[in-house]
Structure formats: C-alpha cells, structure tokens
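data39.csv follows (CSV, C-alpha atoms and all ligand atoms):
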chain,number,residue,atom,x,y,z
K,1,MET,CA,52.6,47.8,48.1
K,2,THR,CA,55.0,44.9,47.8
K,3,ASP,CA,58.6,46.0,47.3
K,4,PHE,CA,60.7,44.5,44.5
K,5,PRO,CA,64.2,45.8,45.2
K,6,THR,CA,65.5,44.9,41.7
K,7,VAL,CA,62.6,46.5,39.8
K,8,PRO,CA,63.4,49.9,38.2
K,9,ALA,CA,61.3,52.8,39.5
K,10,GLU,CA,59.3,53.2,36.2
K,11,ALA,CA,58.4,49.6,36.2
K,12,GLN,CA,57.4,49.8,39.9
K,13,THR,CA,55.0,52.6,39.0
K,14,VAL,CA,53.3,50.3,36.5
K,15,LEU,CA,53.2,47.5,39.0
K,16,ASP,CA,51.8,49.8,41.7
K,17,VAL,CA,49.0,51.0,39.3
K,18,ILE,CA,48.1,47.4,38.6
K,19,ARG,CA,48.0,46.6,42.3
K,20,SER,CA,46.1,49.7,43.3
K,21,ARG,CA,43.2,49.5,40.7
K,22,ARG,CA,40.1,48.7,42.7
K,23,THR,CA,36.5,48.0,41.6
K,24,VAL,CA,34.6,50.9,43.2
K,25,ASP,CA,30.8,51.1,43.9
K,26,ILE,CA,28.9,53.8,42.1
K,27,THR,CA,28.1,55.5,45.4
K,28,LEU,CA,31.8,56.2,46.0
K,29,LEU,CA,32.3,58.5,43.0
K,30,ARG,CA,32.4,62.3,43.2
K,31,PRO,CA,29.8,63.8,40.9
K,32,GLY,CA,32.2,66.2,39.2
K,33,PRO,CA,32.9,65.6,35.5
K,34,VAL,CA,36.0,63.9,34.0
K,35,PRO,CA,37.7,66.2,31.5
K,36,ARG,CA,37.5,65.0,27.9
K,37,GLY,CA,41.3,64.9,27.6
K,38,VAL,CA,41.5,62.5,30.5
K,39,LEU,CA,38.8,60.3,28.9
K,40,GLU,CA,40.7,60.4,25.5
K,41,ALA,CA,43.9,59.2,27.2
K,42,ILE,CA,41.9,56.3,28.8
K,43,LEU,CA,40.3,55.4,25.4
K,44,ILE,CA,43.7,55.5,23.7
K,45,ALA,CA,45.0,53.1,26.3
K,46,GLY,CA,42.1,50.9,25.5
K,47,THR,CA,42.9,50.8,21.8
K,48,TRP,CA,46.4,49.7,22.5
K,49,ALA,CA,45.2,46.3,23.8
K,50,PRO,CA,46.5,43.2,22.2
K,51,THR,CA,44.2,42.1,19.3
K,52,HIS,CA,44.9,38.9,17.4
K,53,GLY,CA,45.3,39.8,13.7
K,54,ARG,CA,44.7,43.4,14.7
K,55,THR,CA,40.9,42.9,14.2
K,56,GLN,CA,40.4,45.6,16.9
K,57,PRO,CA,36.9,44.2,17.7
K,58,TRP,CA,35.8,47.2,19.7
K,59,HIS,CA,33.8,50.4,19.7
K,60,PHE,CA,33.3,52.6,22.6
K,61,THR,CA,30.5,55.1,23.2
K,62,VAL,CA,31.2,57.6,25.9
K,63,PHE,CA,28.4,59.0,28.0
K,64,THR,CA,29.0,62.1,30.1
K,65,GLY,CA,26.9,65.1,31.1
K,66,GLU,CA,23.4,65.3,29.6
K,67,SER,CA,23.9,62.2,27.4
K,68,ARG,CA,23.6,60.1,30.5
K,69,THR,CA,19.9,60.9,30.7
K,70,ARG,CA,19.5,59.0,27.3
K,71,LEU,CA,21.7,56.2,28.7
K,72,GLY,CA,19.4,56.0,31.8
K,73,GLU,CA,16.4,55.7,29.5
K,74,VAL,CA,18.1,52.9,27.7
K,75,PHE,CA,18.9,51.1,31.0
K,76,ALA,CA,15.2,51.5,31.9
K,77,GLN,CA,14.0,50.0,28.6
K,78,ALA,CA,16.4,47.1,28.9
K,79,TYR,CA,15.3,46.5,32.5
K,80,ALA,CA,11.6,46.5,31.4
K,81,ALA,CA,12.4,44.0,28.7
K,82,GLY,CA,14.4,41.8,31.1
K,83,SER,CA,13.3,39.0,33.4
K,84,ALA,CA,13.4,40.8,36.8
K,85,GLN,CA,10.2,40.3,38.8
K,86,ASP,CA,9.8,44.0,39.2
K,87,ARG,CA,10.3,44.9,35.6
K,88,ASP,CA,6.9,46.6,35.4
K,89,SER,CA,7.6,48.7,38.5
K,90,GLU,CA,7.9,52.4,37.9
K,91,THR,CA,10.2,52.6,41.0
K,92,ALA,CA,12.5,50.0,39.5
K,93,LEU,CA,12.6,51.8,36.2
K,94,ALA,CA,13.2,55.1,37.8
K,95,ALA,CA,16.2,53.6,39.6
K,96,GLN,CA,17.7,52.6,36.3
K,97,ARG,CA,17.3,56.1,35.0
K,98,VAL,CA,19.0,57.5,38.1
K,99,ARG,CA,21.7,54.9,38.0
K,100,ALA,CA,23.2,56.4,34.8
K,101,LEU,CA,23.5,59.8,36.4
K,102,LYS,CA,25.4,58.4,39.4
K,103,ALA,CA,28.7,58.1,37.5
K,104,PRO,CA,30.2,61.1,35.7
K,105,ALA,CA,31.3,58.9,32.8
K,106,TRP,CA,30.3,55.6,31.2
K,107,ILE,CA,32.2,53.8,28.4
K,108,SER,CA,30.4,51.0,26.6
K,109,LEU,CA,32.3,47.9,25.7
K,110,GLU,CA,30.9,47.1,22.3
K,111,LEU,CA,32.0,44.0,20.5
K,112,HIS,CA,32.3,44.5,16.8
K,113,VAL,CA,33.9,41.5,15.2
K,114,PRO,CA,34.9,42.2,11.6
K,115,SER,CA,33.3,39.8,9.1
K,116,THR,CA,36.9,39.0,7.9
K,117,SER,CA,38.0,37.8,11.3
K,118,LYS,CA,39.5,34.3,11.2
K,119,PHE,CA,39.6,34.0,15.0
K,120,PRO,CA,37.2,32.3,17.4
K,121,LEU,CA,34.7,34.5,19.2
K,122,TRP,CA,36.5,34.0,22.6
K,123,GLU,CA,39.6,35.6,21.2
K,124,GLU,CA,37.7,38.7,20.1
K,125,GLN,CA,36.0,38.9,23.5
K,126,ALA,CA,39.4,38.5,25.1
K,127,ALA,CA,40.8,41.4,23.1
K,128,LEU,CA,37.9,43.6,24.2
K,129,SER,CA,38.5,42.5,27.7
K,130,CYS,CA,42.2,43.5,27.4
K,131,ALA,CA,41.0,46.9,26.2
K,132,ALA,CA,38.7,47.1,29.2
K,133,GLN,CA,41.6,46.4,31.6
K,134,ASN,CA,43.9,48.8,29.8
K,135,MET,CA,41.2,51.5,30.3
K,136,MET,CA,40.7,50.7,34.0
K,137,LEU,CA,44.5,50.8,34.6
K,138,ALA,CA,44.8,54.1,32.7
K,139,ALA,CA,42.0,55.5,34.8
K,140,THR,CA,43.8,54.4,38.0
K,141,ALA,CA,47.0,56.0,36.8
K,142,LEU,CA,45.1,59.2,36.2
K,143,GLY,CA,43.6,59.2,39.7
K,144,LEU,CA,40.1,57.9,38.8
K,145,VAL,CA,38.3,54.9,40.0
K,146,SER,CA,36.1,52.6,38.0
K,147,LYS,CA,34.0,49.5,37.7
K,148,TRP,CA,33.3,47.0,34.9
K,149,ALA,CA,29.5,46.7,35.1
K,150,SER,CA,28.2,43.6,33.4
K,151,GLY,CA,24.8,43.0,34.9
K,152,ALA,CA,21.7,42.0,32.8
K,153,VAL,CA,20.9,45.5,31.8
K,154,MET,CA,24.5,46.3,30.8
K,155,VAL,CA,24.8,43.4,28.4
K,156,SER,CA,21.2,43.4,27.2
K,157,GLN,CA,20.4,43.1,23.5
K,158,VAL,CA,18.1,46.2,24.1
K,159,THR,CA,21.1,48.2,25.3
K,160,ALA,CA,23.3,46.9,22.5
K,161,ALA,CA,20.7,47.8,19.9
K,162,ALA,CA,20.3,51.3,21.3
K,163,LEU,CA,24.0,51.7,20.8
K,164,GLY,CA,24.0,50.1,17.3
K,165,ALA,CA,26.3,47.4,18.6
K,166,PRO,CA,26.1,43.7,17.7
K,167,ALA,CA,26.9,42.7,21.3
K,168,LEU,CA,28.0,44.3,24.5
K,169,LEU,CA,30.4,43.1,27.2
K,170,GLY,CA,29.0,45.8,29.6
K,171,PHE,CA,30.2,49.2,30.5
K,172,ILE,CA,33.0,50.8,32.5
K,173,TYR,CA,31.9,53.6,34.7
K,174,LEU,CA,34.4,56.1,35.9
K,175,GLY,CA,34.8,59.1,38.2
K,176,TYR,CA,37.1,60.7,40.8
K,177,PRO,CA,36.9,58.9,44.2
K,178,ALA,CA,34.8,60.4,47.0
K,179,GLY,CA,36.8,58.5,49.6
K,180,GLU,CA,39.0,55.5,50.1
K,181,ALA,CA,38.2,52.5,47.9
K,182,PRO,CA,37.9,49.3,49.9
K,183,ASP,CA,40.9,47.0,49.4
K,184,SER,CA,40.5,43.6,47.7
K,185,THR,CA,42.2,40.3,48.1
K,186,ARG,CA,43.8,37.6,46.0
K,187,ALA,CA,44.8,34.0,46.6
K,188,PRO,CA,48.6,33.7,47.0
K,189,LEU,CA,50.7,32.6,44.1
K,190,SER,CA,51.2,29.2,45.8
K,191,GLU,CA,47.5,28.4,45.1
K,192,LYS,CA,47.5,29.7,41.6
K,193,VAL,CA,50.9,29.0,40.1
K,194,THR,CA,52.8,25.8,39.4
K,195,TRP,CA,56.5,26.2,38.6
K,196,ALA,CA,57.1,23.4,36.1
K,197,GLN,CA,60.2,21.3,36.9
Z,201,LIG,C1,34.2,40.6,33.2
Z,201,LIG,C2,33.9,41.3,34.5
Z,201,LIG,C3,32.6,41.7,34.8
Z,201,LIG,C4,32.4,42.3,36.0
Z,201,LIG,N1,31.1,42.7,36.3
Z,201,LIG,C5,30.8,43.3,37.5
Z,201,LIG,C6,29.5,43.6,37.9
Z,201,LIG,O1,28.6,43.5,37.1
Z,201,LIG,N2,29.3,44.2,39.1
Z,201,LIG,C7,30.3,44.3,40.0
Z,201,LIG,O2,30.0,44.7,41.1
Z,201,LIG,N3,31.6,44.0,39.7
Z,201,LIG,C8,31.9,43.5,38.5
Z,201,LIG,N4,33.2,43.1,38.2
Z,201,LIG,C9,34.2,43.5,39.1
Z,201,LIG,C10,34.5,42.4,40.1
Z,201,LIG,O3,33.4,42.3,41.0
Z,201,LIG,C11,35.8,42.8,40.9
Z,201,LIG,O4,36.9,42.7,40.0
Z,201,LIG,C12,36.1,41.9,42.0
Z,201,LIG,O5,35.1,42.1,43.1
Z,201,LIG,C13,37.4,42.1,42.7
Z,201,LIG,O6,37.6,43.4,43.1
Z,201,LIG,P1,38.8,44.3,42.6
Z,201,LIG,O7,38.6,44.5,41.1
Z,201,LIG,O8,38.7,45.6,43.3
Z,201,LIG,O9,40.0,43.6,42.9
Z,201,LIG,C14,33.4,42.5,37.0
Z,201,LIG,C15,34.7,42.1,36.6
Z,201,LIG,C16,35.0,41.5,35.4
Z,201,LIG,C17,36.4,41.0,35.1

Would you mind writing the file out in structure tokens?
Amino acid sequence: MTDFPTVPAEAQTVLDVIRSRRTVDITLLRPGPVPRGVLEAILIAGTWAPTHGRTQPWHFTVFTGESRTRLGEVFAQAYAAGSAQDRDSETALAAQRVRALKAPAWISLELHVPSTSKFPLWEEQAALSCAAQNMMLAATALGLVSKWASGAVMVSQVTAAALGAPALLGFIYLGYPAGEAPDSTRAPLSEKVTWAQ
C-alpha cells in the first residue's frame, strides 16, 4: 500500500479498501455461502451511490443457494439464444448451468430508469455503475472478493427478461477468497492526469 503520512487512519482504511479490491476469477472463490446480513450490508452500500435527481435507477436480484440453479438455467437459455457458434451444444449449455453454481452469490445490475427521469441514459447507467463499485468496495471491506461480469449472457435481453428487468449491466458475483487474488496494475498519474496551470 502507498503511505500518505498526512491521511488520518480512518481515511487510510477507505483508501486501502479501494486499492485492494481486485477482480477475481470465479475459480478462486470458496464454495461456502455468504451470510445474508453481509449481503444486505453490501446492497445498502450499493443504494448509497450517487444518483442524479435521486432517480435510483437500479434493482438488484440476489441469487444464493438453490436459486442459482434457476440462474444457471437462465444463463443457458441466454447462451442458446445468442450468437456463439456452439450455442446448440449441450456441453456449452451445461457449462452455463454449472457457471452459476461456481459463485456463492450473484447480484444482478438491473437498470430501471423511471419514466419521470429527465436525465440522459448514460447518467442512469453511470449511477448504476457507481452502485456496482460501492458494492464491490463494500464486499472488499467485508473480506469478500468479486467480479463484475458483463459478457453476452450477463447482459442478454433473455437474461433481463427472466429477471423482469428492462436492461441489465451484468452481474456481480461474490464469495470468500480461496487464495491470494492476483494483483492488478494501473498507469501512473503522470499518464492520466494533467494539473492545469
Ligand atoms: C463495466 C465493467 C465490466 C466488466 N466486465 C468484465 C467481464 O465481463 N469479465 C471480466 O473478466 N472482467 C470484467 N470486468 C473487470 C475488469 O476486467 C477488471 O476491472 C480489470 O481486469 C482490472 O482488474 P482489477 O479490477 O482487479 O483492477 C469489468 C469491469 C467493468 C468496469
């Protein structure tokens, strides 16, 4: 972690959580369940995202335990309706069913823009994205690892319809880590920041 000598300890904790969140592959999750109270804390963090005009353009469906079997079936239907070359393959569809069971918890990122919203779509998508990041940071703070999954199946209209959502920005899957998450990299500030004179 980078040290900021002038940053108070509580602030440093927040900065450390932001820095230590990592995108983790589904194979690196422990199979054990995530307690409901932990998931509720994560969802509450999501709902405290900024939202222009407080449109709160989100709905989250949480899949844990047995309900993941239904989610896997939805993934398989979405895959079959997609454009992958092997969309008719039973093996490929079975892989989609199994995929849902590989993470202990899935949270959908459903975009529900109120008809009264005066804001452009991108702002509503940005608000839901802020909610997603809040949830992944809360998960990190609570000792979980996660990934925002946004592949074709995750944002498919078939998947959205099964959830009763107008649109989907994907899912966050979560679980306790089975080992060390691989670290990530970022370009230095010198490449990404201009200090205006
Ligand atoms: C909108 C969005 C969608 C993403 N979708 C995927 C995805 O479908 N599959 C994936 O492996 N990672 C996905 N990611 C995670 C990125 O791959 C990840 O953030 C990047 O590799 C950097 O790793 P880090 O998050 O550990 O720093 C997504 C991230 C964002 C912001």

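Take the candidates K:Gly170, K:Pro8, K:Gly151, K:Pro120 and check each one against ligand LIG 201 (chain Z) using all atoms listed in the file; the shortest distance goes to K:Gly151.
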
Next on the checklist: Which residues are close to Ser184 of chain K, i.e. within 10 Å by all atoms listed in the file, leaving aside same-chain residues fewer than 4 positions away? Reply as a PyMOL selection string.
Outcome noted: chain K and resi 19-23

Next on the checklist: Taking 5 positions as the minimum chain separation for residues in the same chain, which residues sit within 7 Å of segment 94-101 of chain K when counting all atoms listed in the file? Answer as a PyMOL selection string.
Outcome noted: chain K and resi 68-69+71-73+75-76

For the residues selected in the previous step, produce a file with C-alpha atoms as a PDB file, keeping the file's coordinate frame.
ATOM      1  CA  ARG K  68      23.600  60.100  30.500  1.00  0.00           C
ATOM      2  CA  THR K  69      19.900  60.900  30.700  1.00  0.00           C
ATOM      3  CA  LEU K  71      21.700  56.200  28.700  1.00  0.00           C
ATOM      4  CA  GLY K  72      19.400  56.000  31.800  1.00  0.00           C
ATOM      5  CA  GLU K  73      16.400  55.700  29.500  1.00  0.00           C
ATOM      6  CA  PHE K  75      18.900  51.100  31.000  1.00  0.00           C
ATOM      7  CA  ALA K  76      15.200  51.500  31.900  1.00  0.00           C
TER       8      ALA K  76
END

Item to check | Shell of 8 Å around Val153 of chain K, all atoms listed in the file, local chain residues under 4 positions omitted, as a PyMOL selection string | outcome: chain K and resi 75+78-79+82+159

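Here atom CA of Leu111 of chain K is placed at a distance of 25.5 Å from atom CA of Leu142 of chain K.
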
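Taking atom O7 of ligand LIG 201 (chain Z) and atom CA of Lys147 of chain K as endpoints, the distance between them is 7.6 Å.
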